[in-house]
Protein chains: 4
Amino acid sequence: MNIYATEKSQHYLAQVSTFINEKVLPIETELLNQNRKLNHNSDWTQWQLIPQIEALKEQAKASGLWNLFLPDATYGQGLTCVEYAPLAEEMGRSMLAPEIFNCNAPDTGNMEVLYHFGDEHQQSQWLTPLLNGEIRSVFAMTEPDVASSDATNMQATIIDDGDDVIINGRKWWSTGLGHPKSKVMIFMGLSHPDAPKHQRHSMVLVPMNTPGVNIKRMLTAYGDYDAPYGHGEMELINVRVPKSHVIMGLGKGFEIAQGRLGPGRIHHCMRAIGAAERALSLAIERGLSRTAFGQPIIQLGGNLERIAHARMAIDQARLLTLNAAWKVDNQGIKHAMTEISAIKVVVPNMLTQVVDMAIQLHGGAGMNHDSPLAGFATMARSLRLADGPDEVHTAMVSRLEMAKYK
Amino acid sequence: MNIYATEKSQHYLAQVSTFINEKVLPIETELLNQNRKLNHNSDWTQWQLIPQIEALKEQAKASGLWNLFLPDATYGQGLTCVEYAPLAEEMGRSMLAPEIFNCNAPDTGNMEVLYHFGDEHQQSQWLTPLLNGEIRSVFAMTEPDVASSDATNMQATIIDDGDDVIINGRKWWSTGLGHPKSKVMIFMGLSHPDAPKHQRHSMVLVPMNTPGVNIKRMLTAYGDYDAPYGHGEMELINVRVPKSHVIMGLGKGFEIAQGRLGPGRIHHCMRAIGAAERALSLAIERGLSRTAFGQPIIQLGGNLERIAHARMAIDQARLLTLNAAWKVDNQGIKHAMTEISAIKVVVPNMLTQVVDMAIQLHGGAGMNHDSPLAGFATMARSLRLADGPDEVHTAMVSRLEMAKYK
Amino acid sequence: MNIYATEKSQHYLAQVSTFINEKVLPIETELLNQNRKLNHNSDWTQWQLIPQIEALKEQAKASGLWNLFLPDATYGQGLTCVEYAPLAEEMGRSMLAPEIFNCNAPDTGNMEVLYHFGDEHQQSQWLTPLLNGEIRSVFAMTEPDVASSDATNMQATIIDDGDDVIINGRKWWSTGLGHPKSKVMIFMGLSHPDAPKHQRHSMVLVPMNTPGVNIKRMLTAYGDYDAPYGHGEMELINVRVPKSHVIMGLGKGFEIAQGRLGPGRIHHCMRAIGAAERALSLAIERGLSRTAFGQPIIQLGGNLERIAHARMAIDQARLLTLNAAWKVDNQGIKHAMTEISAIKVVVPNMLTQVVDMAIQLHGGAGMNHDSPLAGFATMARSLRLADGPDEVHTAMVSRLEMAKYK
Amino acid sequence: MNIYATEKSQHYLAQVSTFINEKVLPIETELLNQNRKLNHNSDWTQWQLIPQIEALKEQAKASGLWNLFLPDATYGQGLTCVEYAPLAEEMGRSMLAPEIFNCNAPDTGNMEVLYHFGDEHQQSQWLTPLLNGEIRSVFAMTEPDVASSDATNMQATIIDDGDDVIINGRKWWSTGLGHPKSKVMIFMGLSHPDAPKHQRHSMVLVPMNTPGVNIKRMLTAYGDYDAPYGHGEMELINVRVPKSHVIMGLGKGFEIAQGRLGPGRIHHCMRAIGAAERALSLAIERGLSRTAFGQPIIQLGGNLERIAHARMAIDQARLLTLNAAWKVDNQGIKHAMTEISAIKVVVPNMLTQVVDMAIQLHGGAGMNHDSPLAGFATMARSLRLADGPDEVHTAMVSRLEMAKYK
């Protein structure tokens with residue numbers, strides 16, 4: 001019954017923090033620029049990895065700062081949601097950090113799916129190399145032709161065909177699709193159109209090199225490919241995989257999705273809180289270092305009030321997320337539905353506001369890639385849509401509230 | 001390290017909740033109407049107490065639901081801030097409840113001052129009857145002639161005169177000034193104009209019947225006197241009291257004020273959160289019971305989104321306040337300055353929004369006194385000014401944030 | 001094709017402005033206080049008029065500053081909506097001014113109804129004394145038992161009975177009900193329950209002293225009766241009036257209501273804009289005259305930004321309203337539906353924000369009746385519900401917008 | 001005294017509108033995609049023009065839809081600000097349209113500077129080819145090393161050296177710097193450091209190919225280069241140009257800037273209003289065409305309220321801008337300072353909100369370049385900083401407001 005960090009958590013936090021401060025932040029801009037230079041174009045087949053990032057991953061792994069997100073004492077470090085939360089926040093301060101600790105989306109969510117719901121064979125084939133950081137993975141859910149805010153709209157098909165399933169359909173905003181190491185995707189589609197609404201869909205593991213998987217293009221988000229990590233569009237035409245690739249059996253798609261979503265939300269919300277703290281910090285530093293009308297600009301107009309409002313919004317968002325984490329840990333996801341929906345609305349909107357304020361204090365320097373702010377802004381914008389738009393989660397909060405009055 | 005209710009707290013919470021639900025809410029409207037009928041005019045000398053409320057106080061006292069706010073195991077029940085917080089929230093659901101449990105402002109704050117800083121004589125003379133609910137008290141700080149947002153502006157004088165002090169000055173928004181049982185005030189004024197800024201002021205106990213204490217008028221807040229509890233204006237002309245009435249000695253005003261403010265803030269913020277929960281609940285019930293354009297009005301337009309936003313805002317405000325309480329309990333007020341300022345800004349603004357939404361759903365019925373909403377709205381408005389306007393506390397949050405960058 | 005004041009309008013504006021500045025504002029506080037002293041209680045039968053206000057009305061009438069709202073060159077001064085708009089704004093600066101120029105609600109709307117839709121007999125009996133300022137009138141539409149946001153919910157009945165109609169039902173928030181000079185009401189009720197939705201209701205002139213008209217109570221808005229002008233609740237039991245009192249014939253209620261609403265909205269919105277200008281002005285004056293932390297408080301934090309935002313919001317709201325007025329004048333109400341709904345949403349919300357800011361700058365002095373701000377705040381709150389809540393008009397704007405896409 | 005379109009304006013509006021609807025919008029996505037393919041990289045020396053756009057420019061020119069922004073009957077069509085405003089709005093609906101009519105920034109502003117302040121030689125050398133659309137130009141004001149919100153901070157130097165001036169300094173966010181046809185820039189710098197604050201700076205025409213002009217890089221705005229139109233950074237080292245290139249003489253920089261800013265603001269604000277109308281339209285169309293939870297998504301939650309709020313915000317912003325245009329036309333820029341600052345704050349913020357809402361209704365499709373929304377979002381973000389951040393203009397509005405109280 002405690003939302004504050006435990007000793008164990010603080011131990012890892014100190015290490016993660018030191019690692020980021022000493023090894024990531026000093027070269028962050030250089031790495032990001034190198035990344036953009038290497039991967040500046042829309043032809044994802046040319047995208048490359050940055051060797052320095054790979055080297056940092058090896059160091060993090062060697063230091064035991066690896067897979068901290070996984071609540072398993074063998075594969076990860078056995079941290080609860082509440083214990084991992086401050087680490088996710090710390091990693092969120094830099095766009096590069098989560099990957100370095102093998103704690104990046106969508107791999108974390110995919111690993112959790114495999115960990116909780118995969119069978120032994122699926123785990124050995126895909127979970128192990130993911131945990132080792134040898135490969136990356138894709139989560140394919142959103143479709144271009146339907147309103148994905150209603151997940152039951154999903155219309156890509158997974159047809160039972162003897163020992164195999166046959167997959168057809170288009171997906172987009174599939175994160176990591178163009179990454180050189182992407183080897184497998186978890187694909188969600190319609191297998192039982194006549195079943196009850198939440199038993200119609202299935203999740204299948206599809207190796208990226210399966211015939212019929214056609215990557216069409218990478219997508220910009222506000223002009224940025226975020227290569228090599230960003231999002232893509234693909235079409236699957238008569239893609240055939242063995243039925244053993246289905247996770248938990250056909251028709252279990254929503255059951256798995258439900259289990260995937262709780263910790264995943266908490267992770268990305270905490271990372272967003274870290275990004276907000278970084279943005280606030282950058283805002284203050286900029287505001288103190290630049291002068292206009294005879295004063296540091298932080299002193300002008302309502303700037304200090306905006307700093308205070310950012311502090312209050314961040315602190316509230318963090319407590320809301322930690323409380324959700326505590327509920328997930330102690331009462332289970334089913335008792336944390338309001339909390340898990342609420343953070344999905346509150347945190348990205350808070351990040352949007354804080355980053356916007358920080359950009360405003362930076363002037364033009366806030367809009368290009370000399371600072372991490374434009375990247376955070378795009379991330380915040382995406383987070384208000386990814387995993388369901390604000391409105392869907394707001395509606396969930398009100399539905400749960402209204403249910404108390406029946 | 002736990003912001004959730006302890007067993008001890010939950011034990012009292014259940015009792016307080018039952019008491020309010022069974023004994024207060026069913027007659028709340030009747031009592032409030034009776035109150036308004038008895039005390040409808042501006043002549044406070046005619047204001048009267050409602051016997052039923054006095055009777056409920058006796059019952060609460062007999063049940064041990066009395067002075068729960070005081071963290072002393074003898075005088076109160078030895079509850080920490082975190083433990084008392086949910087009780088304050090519960091009491092906040094009804095404007096009448098706090099007094100019934102002897103947990104109403106400004107008496108709670110005054111009792112805390114006497115408990116922590118009063119000497120034995122002051123305690124036996126004033127703390128004991130206050131704890132017994134025999135008398136009520138006034139806190140006199142705000143002045144009509146200066147911007148009280150800067151407390152060092154206070155210019156009423158407390159002059160050292162041998163065995164006595166002599167007090168002169170005008171005060172207003174002195175809560176409880178017209179109450180028939182008001183017997184003493186804690187008066188803050190300037191005693192050492194040349195001392196360092198925070199050692200210039202003193203607090204003195206002044207019996208209400210001391211010659212020279214002239215009550216000028218009661219003040220309406222948005223047209224309401226909130227009789228017999230409301231706020232008044234007075235002038236003190238050459239009021240002489242023995243120096244033994246000075247609390248802690250001359251020049252200690254700000255030191256005492258600082259100690260008074262932490263728990264007091266948490267109490268009124270938790271009460272405001274209770275009021276917000278009540279308003280949300282009334283909004284939903286109203287929205288379900290009225291029909292327009294063929295649907296319950298709760299279903300129309302963005303009403304359900306507003307319900308969700310209210311839920312999310314309340315939950316965040318509560319966690320922020322509980323976290324502040326935890327810090328006060330465990331690290332002391334000096335380490336909770338950001339938190340104590342933040343809740344002062346966040347909670348009343350949240351209450352303002354939630355109540356406004358509830359009124360909007362009630363139509364005209366939300367504006368008159370048929371529901372508690374208009375009362376809550378006025379309370380919310382007052383709370384954004386009382387104990388310092390939003391802007392002062394926002395400035396405090398930014399000042400503390402900026403201090404990290406020096 | 002001109003939303004700016006004409007010469008004719010500016011001529012009257014100068015006179016109205018001088019009258020208000022010289023004769024109303026200097027004694028405004030005194031009159032309001034006298035009003036509150038005379039009419040402080042809930043017993044409306046004791047409410048009295050202030051002789052000084054009656055005298056000012058005579059002066060205004062003698063100066064030809066009378067019935068300026070009426071676009072008739074004989075009864076009024078033949079001003080268009082656009083021409084009257086700046087006068088309404090000027091009058092809105094003081095709560096007392098509109099009545100002094102015989103331009104107060106609900107009489108203006110009622111006079112317009114009689115002017116446009118009344119027959120000769122109805123006009124000579126009621127319009128003439130209203131135009132002369134000899135009597136006042138009531139508009140009875142809102143009902144306590146249904147969601148009045150959907151006007152078709154109205155369930156008070158007007159039954160055709162030979163030469164008479166018989167009226168039954170409860171109404172509340174009937175403005176001016178307790179005023180000593182209230183002599184007649186326009187009562188809207190259900191006469192043809194089986195007709196098409198907008199032909200079911202009728203409007204009838206009911207003299208206040210008709211047997212069966214039972215005034216139950218006056219209603220507080222945020223604690224204030226706004227005596228003797230405020231709102232009341234009444235029950236009509238078998239009230240019988242001659243059928244000749246029906247306006248335009250039975251079943252024409254909505255047709256009349258539609259005609260009443262355009263200019264009425266523009267009038268009250270312009271008055272609200274005047275109130276906002278006054279509030280902004282008071283905010284600046286207060287902010288310049290009080291000092292905290294070594295500076296005039298207007299210089300602190302984001303106060304100057306709030307001043308600028310108030311200026312920008314007021315200017316936008318004014319232009320929106322003038323544009324609506326121009327459309328009403330030049331294209332007719334039916335082509336100004338978006339505009340007339342939009343101002344109903346925008347202006348009261350703008351006033352709410354500007355007054356709230358001004359109160360915050362006044363501290364406690366903004367909440368009691370020493371300044372007009374608390375009165376403006378209550379007016380703003382009422383205006384967000386009166387004549388339909390914000391949400392109904394927002395829905396109308398979106399409905400008209402969506403209609404473009406069919 | 002009329003803010004509505006004249007017949008002359010409506011005549012051009014109809015033509016511009018037809019041109020855009022028939023010739024631009026149908027191929028807009030194709031052109032934008034072609035643009036991104038041709039100009040996808042950061043190496044601006046490789047950037048190319050799209051022949052179809054050049055062809056459309058020829059057609060527009062041939063139709064007399066050319067230089068409509070210029071209030072000169074010979075060079076342009078002699079339209080006033082109020083008359084041009086609706087045309088600018090119409091052009092703003094597509095990111096490609098302004099250039100097609102030779103009405104794009106920064107060329108319009110630069111042409112106005114040359115038109116109003118250039119001497120005959122400067123005009124024949126640069127204004128003529130700009131008016132003909134043969135070349136493009138750059139405006140170089142913002143600097144990376146100082147807070148450009150205070151324009152007097154500008155520290156690039158323009159040194160008087162006999163018949164020449166010598167220029168040194170860094171500039172960034174210089175729009176159009178990488179465009180293949182950019183031939184000249186208007187460069188603003190410090191020439192008289194000891195003069196009164198607003199007489200220290202000068203504007204000089206610098207041909208892009210002058211030795212010492214070093215383009216360093218193009219800048220992304222939220223990841224997008226907006227090639228070939230976007231913004232760049234350059235360093236000028238001992239750049240020498242004849243003194244005849246100085247506009248109006250040394251020390252006149254702020255005088256020219258002042259003259260440049262009024263109409264320029266109105267133009268970009270009207271374009272932003274056109275973008276907002278387009279975004280609103282796209283939002284509604286998307287909301288009607290996609291289904292979730294059994295309904296068109298426009299019907300869900302508060303979506304229709306958001307549509308209404310967008311309509312009300314756009315209409316207010318347009319009226320505010322038209323009123324500013326009217327003041328510029330009729331009373332001169334000096335009497336329109338509040339209005340010109342107000343629109344700079346109000347319009348880009350309105351656009352930000354409307355586009356954000358539209359993106360939210362589009363889901364992922366709102367974030368990539370399949371729709372114009374992401375481009376509008378980036379434009380809106382830039383406009384809150386370009387030509388001074390919101391805060392500077394908000395401060396100007398409050399300064400002018402406060403000046404009334406002296």
# chains A, B, ... in the order shown; residues from 1 in each chain; ligands from 1

call {"tool": "interface_residues", "arguments": {"of": "chain B", "to": "chain D", "cutoff": "12 Å", "atoms": "only C-alpha atoms", "output": "list in words"}}
result
Ile298, Gln299, Leu300, Gly301, Gly302, Asn303, Leu304, Glu305, Arg306, Ile307, Ala308 and His309 of chain B

call {"tool": "residues_around", "arguments": {"residues": "A:Pro196", "least_positions_apart": "6", "cutoff": "12 Å", "atoms": "only C-alpha atoms", "output": "list in words"}}
result
Thr152, Leu190, Gly251, Lys252 and Phe254 of chain A

call {"tool": "residues_around", "arguments": {"residues": "stretch 310-320 of chain C", "least_positions_apart": "3", "cutoff": "9 Å", "atoms": "only C-alpha atoms", "output": "MDAnalysis selection string"}}
result
(chainID C and resid 3 269:270 273 276:277 280 305:307 323:325 339 342:343 346:347 350:351 353:354 357) or (chainID D and resid 312 315:317 319:320 323 338:339 342:343 345:346 397:398 401)

call {"tool": "write_last_selection", "arguments": {"atoms": "C-alpha atoms", "output": "PDB file, in the first residue's frame"}}
result
ATOM      1  CA  ILE C   3     -21.138  47.133 -38.147  1.00  0.00           C
ATOM      2  CA  CYS C 269     -25.048  40.293 -24.958  1.00  0.00           C
ATOM      3  CA  MET C 270     -24.173  43.941 -25.512  1.00  0.00           C
ATOM      4  CA  ILE C 273     -20.009  43.321 -22.949  1.00  0.00           C
ATOM      5  CA  ALA C 276     -17.074  43.135 -19.007  1.00  0.00           C
ATOM      6  CA  GLU C 277     -15.563  46.490 -19.958  1.00  0.00           C
ATOM      7  CA  LEU C 280     -11.750  45.119 -16.875  1.00  0.00           C
ATOM      8  CA  GLU C 305      -1.295  38.881 -19.693  1.00  0.00           C
ATOM      9  CA  ARG C 306      -4.728  38.392 -18.193  1.00  0.00           C
ATOM     10  CA  ILE C 307      -5.539  42.031 -18.884  1.00  0.00           C
ATOM     11  CA  ASN C 323     -22.008  41.131 -36.780  1.00  0.00           C
ATOM     12  CA  ALA C 324     -25.060  39.251 -35.486  1.00  0.00           C
ATOM     13  CA  ALA C 325     -26.886  42.565 -35.118  1.00  0.00           C
ATOM     14  CA  GLU C 339     -24.670  34.131 -35.044  1.00  0.00           C
ATOM     15  CA  ALA C 342     -22.934  31.809 -31.020  1.00  0.00           C
ATOM     16  CA  ILE C 343     -23.155  35.069 -29.092  1.00  0.00           C
ATOM     17  CA  VAL C 346     -19.477  33.268 -26.331  1.00  0.00           C
ATOM     18  CA  VAL C 347     -20.486  36.436 -24.525  1.00  0.00           C
ATOM     19  CA  MET C 350     -16.320  35.752 -21.810  1.00  0.00           C
ATOM     20  CA  LEU C 351     -17.999  37.828 -19.104  1.00  0.00           C
ATOM     21  CA  GLN C 353     -13.804  34.901 -17.327  1.00  0.00           C
ATOM     22  CA  VAL C 354     -13.249  38.645 -17.274  1.00  0.00           C
ATOM     23  CA  MET C 357     -10.106  37.804 -13.255  1.00  0.00           C
TER      24      MET C 357
ATOM     25  CA  MET D 312     -17.332  30.239 -33.041  1.00  0.00           C
ATOM     26  CA  ASP D 315     -15.781  33.535 -36.801  1.00  0.00           C
ATOM     27  CA  GLN D 316     -14.462  35.642 -33.939  1.00  0.00           C
ATOM     28  CA  ALA D 317     -10.914  35.494 -35.226  1.00  0.00           C
ATOM     29  CA  LEU D 319     -14.023  39.478 -37.441  1.00  0.00           C
ATOM     30  CA  LEU D 320     -11.095  40.562 -35.299  1.00  0.00           C
ATOM     31  CA  ASN D 323     -11.638  44.899 -38.066  1.00  0.00           C
ATOM     32  CA  THR D 338      -3.853  46.800 -30.353  1.00  0.00           C
ATOM     33  CA  GLU D 339      -5.691  45.116 -33.201  1.00  0.00           C
ATOM     34  CA  ALA D 342      -4.283  40.951 -30.907  1.00  0.00           C
ATOM     35  CA  ILE D 343      -4.721  39.057 -34.170  1.00  0.00           C
ATOM     36  CA  VAL D 345      -2.051  36.158 -30.661  1.00  0.00           C
ATOM     37  CA  VAL D 346      -5.612  35.107 -31.343  1.00  0.00           C
ATOM     38  CA  VAL D 397      -1.870  44.549 -25.951  1.00  0.00           C
ATOM     39  CA  SER D 398      -1.636  44.989 -22.197  1.00  0.00           C
ATOM     40  CA  GLU D 401      -4.465  48.939 -22.480  1.00  0.00           C
TER      41      GLU D 401
END

call {"tool": "select_by_dssp", "arguments": {"residues": "stretch 157-322 of chain C", "states": "strand (DSSP E or B)", "output": "PyMOL selection string"}}
result
chain C and resi 157-161+164-175+182-190+201-207+213-218+221+224+231-242+246+291-292+295-296

call {"tool": "atom_distance", "arguments": {"atom1": "atom CA of A:Gly64", "atom2": "atom CA of A:Trp326"}}
result
24.6 Å

call {"tool": "select_by_dssp", "arguments": {"residues": "stretch 124-272 of chain B", "states": "alpha helix (DSSP H)", "output": "number ranges by chain"}}
result
B: 128-131, 253-272

call {"tool": "residues_around", "arguments": {"residues": "B:Leu383", "least_positions_apart": "6", "cutoff": "12 Å", "atoms": "only C-alpha atoms", "output": "mmCIF file with N, CA and C atoms, in the first residue's frame"}}
result
data_model
loop_
_atom_site.group_PDB
_atom_site.id
_atom_site.type_symbol
_atom_site.label_atom_id
_atom_site.label_comp_id
_atom_site.auth_asym_id
_atom_site.auth_seq_id
_atom_site.Cartn_x
_atom_site.Cartn_y
_atom_site.Cartn_z
ATOM 1 N N ALA B 221 -20.772 37.184 0.591
ATOM 2 C CA ALA B 221 -19.916 36.625 -0.452
ATOM 3 C C ALA B 221 -20.877 36.207 -1.552
ATOM 4 N N ARG B 265 -4.353 23.769 5.409
ATOM 5 C CA ARG B 265 -4.533 23.652 3.960
ATOM 6 C C ARG B 265 -5.035 22.264 3.576
ATOM 7 N N HIS B 268 -8.748 21.902 4.536
ATOM 8 C CA HIS B 268 -9.763 22.548 3.693
ATOM 9 C C HIS B 268 -9.728 22.000 2.265
ATOM 10 N N CYS B 269 -8.546 21.581 1.815
ATOM 11 C CA CYS B 269 -8.501 20.981 0.476
ATOM 12 C C CYS B 269 -9.258 19.651 0.459
ATOM 13 N N ARG B 271 -11.721 18.816 2.391
ATOM 14 C CA ARG B 271 -13.152 19.145 2.442
ATOM 15 C C ARG B 271 -13.641 19.568 1.058
ATOM 16 N N ALA B 272 -12.817 20.344 0.364
ATOM 17 C CA ALA B 272 -13.207 20.789 -0.981
ATOM 18 C C ALA B 272 -13.328 19.597 -1.937
ATOM 19 N N ILE B 343 -1.487 22.416 -3.699
ATOM 20 C CA ILE B 343 -2.883 22.022 -3.438
ATOM 21 C C ILE B 343 -3.765 23.253 -3.258
ATOM 22 N N LYS B 344 -3.198 24.315 -2.698
ATOM 23 C CA LYS B 344 -3.961 25.558 -2.523
ATOM 24 C C LYS B 344 -4.420 26.130 -3.869
ATOM 25 N N VAL B 345 -3.649 25.883 -4.913
ATOM 26 C CA VAL B 345 -4.026 26.343 -6.250
ATOM 27 C C VAL B 345 -4.938 25.320 -6.931
ATOM 28 N N VAL B 346 -4.508 24.082 -6.901
ATOM 29 C CA VAL B 346 -5.167 23.049 -7.703
ATOM 30 C C VAL B 346 -6.576 22.735 -7.195
ATOM 31 N N VAL B 347 -6.721 22.536 -5.910
ATOM 32 C CA VAL B 347 -7.988 22.011 -5.400
ATOM 33 C C VAL B 347 -9.140 23.012 -5.559
ATOM 34 N N PRO B 348 -9.000 24.259 -5.119
ATOM 35 C CA PRO B 348 -10.140 25.174 -5.306
ATOM 36 C C PRO B 348 -10.495 25.398 -6.773
ATOM 37 N N ASN B 349 -9.509 25.409 -7.643
ATOM 38 C CA ASN B 349 -9.823 25.559 -9.065
ATOM 39 C C ASN B 349 -10.549 24.333 -9.594
ATOM 40 N N MET B 350 -10.124 23.164 -9.158
ATOM 41 C CA MET B 350 -10.826 21.945 -9.542
ATOM 42 C C MET B 350 -12.276 22.006 -9.057
ATOM 43 N N LEU B 351 -12.453 22.388 -7.783
ATOM 44 C CA LEU B 351 -13.810 22.475 -7.240
ATOM 45 C C LEU B 351 -14.657 23.461 -8.046
ATOM 46 N N THR B 352 -14.068 24.593 -8.383
ATOM 47 C CA THR B 352 -14.774 25.598 -9.189
ATOM 48 C C THR B 352 -15.299 24.976 -10.480
ATOM 49 N N PHE B 376 -21.567 25.564 -2.602
ATOM 50 C CA PHE B 376 -20.231 25.069 -2.956
ATOM 51 C C PHE B 376 -19.526 26.037 -3.907
ATOM 52 N N ALA B 377 -20.302 26.603 -4.838
ATOM 53 C CA ALA B 377 -19.694 27.529 -5.808
ATOM 54 C C ALA B 377 -19.119 28.743 -5.088
ATOM 55 N N PRO B 389 -4.484 34.554 -2.462
ATOM 56 C CA PRO B 389 -5.044 34.236 -3.783
ATOM 57 C C PRO B 389 -4.194 33.197 -4.524
ATOM 58 N N ASP B 390 -4.837 32.486 -5.448
ATOM 59 C CA ASP B 390 -4.127 31.524 -6.313
ATOM 60 C C ASP B 390 -2.738 32.001 -6.708
ATOM 61 N N GLN C 360 -10.426 38.273 -8.795
ATOM 62 C CA GLN C 360 -9.155 37.762 -8.276
ATOM 63 C C GLN C 360 -8.201 38.919 -7.964
ATOM 64 N N GLY C 363 -9.281 40.652 -4.598
ATOM 65 C CA GLY C 363 -9.293 39.929 -3.334
ATOM 66 C C GLY C 363 -10.692 39.964 -2.756
ATOM 67 N N GLY C 364 -10.780 39.936 -1.416
ATOM 68 C CA GLY C 364 -12.075 39.895 -0.758
ATOM 69 C C GLY C 364 -13.030 40.985 -1.236
ATOM 70 N N MET C 367 -15.667 40.097 -3.727
ATOM 71 C CA MET C 367 -16.705 39.110 -3.442
ATOM 72 C C MET C 367 -17.927 39.674 -2.744
#

call {"tool": "residues_around", "arguments": {"residues": "A:Lys404", "least_positions_apart": "4", "cutoff": "10 Å", "atoms": "only C-alpha atoms", "output": "list of chain:residue names"}}
result
A:Arg399, A:Leu400, B:Ser281

call {"tool": "residues_around", "arguments": {"residues": "stretch 67-75 of chain B", "least_positions_apart": "2", "cutoff": "7 Å", "atoms": "only C-alpha atoms", "output": "list of chain:residue names"}}
result
B:Leu65, B:Gln77, B:Gly78, B:Leu79, B:Thr80, B:Tyr84, B:Phe101, B:Asn102, B:Cys103, B:Leu131

call {"tool": "write_last_selection", "arguments": {"atoms": "C-alpha atoms", "output": "compact mmCIF listing (two decimals), in the first residue's frame"}}
result
# COMPACT_ATOMS: atom_id res chain seq x y z
CA LEU B 65 -16.40 11.54 16.44
CA GLN B 77 -7.89 10.64 18.30
CA GLY B 78 -4.23 10.81 17.40
CA LEU B 79 -4.80 10.69 13.67
CA THR B 80 -2.01 11.73 11.31
CA TYR B 84 -7.54 12.44 8.94
CA PHE B 101 -17.72 17.00 14.35
CA ASN B 102 -16.03 20.12 15.80
CA CYS B 103 -13.76 20.15 12.76
CA LEU B 131 -12.20 21.49 22.12

call {"tool": "atom_distance", "arguments": {"atom1": "atom CA of D:Ser174", "atom2": "atom CA of D:Thr142"}}
result
7.3 Å

call {"tool": "atom_distance", "arguments": {"atom1": "atom CA of D:Asp107", "atom2": "atom CA of A:Ala374"}}
result
27.2 Å

call {"tool": "residues_around", "arguments": {"residues": "D:His369", "least_positions_apart": "3", "cutoff": "9 Å", "atoms": "only C-alpha atoms", "output": "MDAnalysis selection string"}}
result
(chainID A and resid 219:223) or (chainID D and resid 29 32:33 365:366 372:375)

call {"tool": "write_last_selection", "arguments": {"atoms": "N, CA and C atoms", "output": "compact mmCIF listing (two decimals), in the first residue's frame"}}
result
# COMPACT_ATOMS: atom_id res chain seq x y z
N LEU A 219 5.68 6.06 -42.50
CA LEU A 219 4.81 7.22 -42.31
C LEU A 219 5.54 8.32 -41.54
N THR A 220 5.35 9.52 -41.97
CA THR A 220 5.87 10.62 -41.16
C THR A 220 4.84 10.97 -40.10
N ALA A 221 5.33 11.40 -38.97
CA ALA A 221 4.45 12.00 -37.96
C ALA A 221 4.90 13.44 -37.85
N TYR A 222 4.06 14.36 -38.31
CA TYR A 222 4.46 15.76 -38.37
C TYR A 222 5.76 15.89 -39.15
N GLY A 223 5.91 15.17 -40.21
CA GLY A 223 7.07 15.35 -41.08
C GLY A 223 8.27 14.51 -40.72
N THR D 29 -2.54 16.86 -53.16
CA THR D 29 -1.81 15.77 -52.52
C THR D 29 -0.70 15.26 -53.43
N LEU D 32 2.14 17.76 -53.43
CA LEU D 32 2.87 17.75 -52.16
C LEU D 32 3.74 16.51 -52.06
N ASN D 33 3.20 15.38 -52.51
CA ASN D 33 3.99 14.16 -52.46
C ASN D 33 5.19 14.24 -53.41
N ALA D 365 -4.32 9.22 -39.55
CA ALA D 365 -4.33 9.90 -40.84
C ALA D 365 -4.16 11.41 -40.70
N GLY D 366 -4.34 11.93 -39.50
CA GLY D 366 -4.14 13.37 -39.28
C GLY D 366 -2.68 13.73 -39.05
N PRO D 372 -3.67 17.57 -45.34
CA PRO D 372 -2.88 18.79 -45.09
C PRO D 372 -2.77 19.14 -43.61
N LEU D 373 -3.38 18.34 -42.73
CA LEU D 373 -3.50 18.76 -41.33
C LEU D 373 -2.16 18.88 -40.62
N ALA D 374 -1.28 17.88 -40.82
CA ALA D 374 0.01 17.96 -40.12
C ALA D 374 0.76 19.21 -40.58
N GLY D 375 0.65 19.53 -41.85
CA GLY D 375 1.28 20.76 -42.35
C GLY D 375 0.68 22.00 -41.70
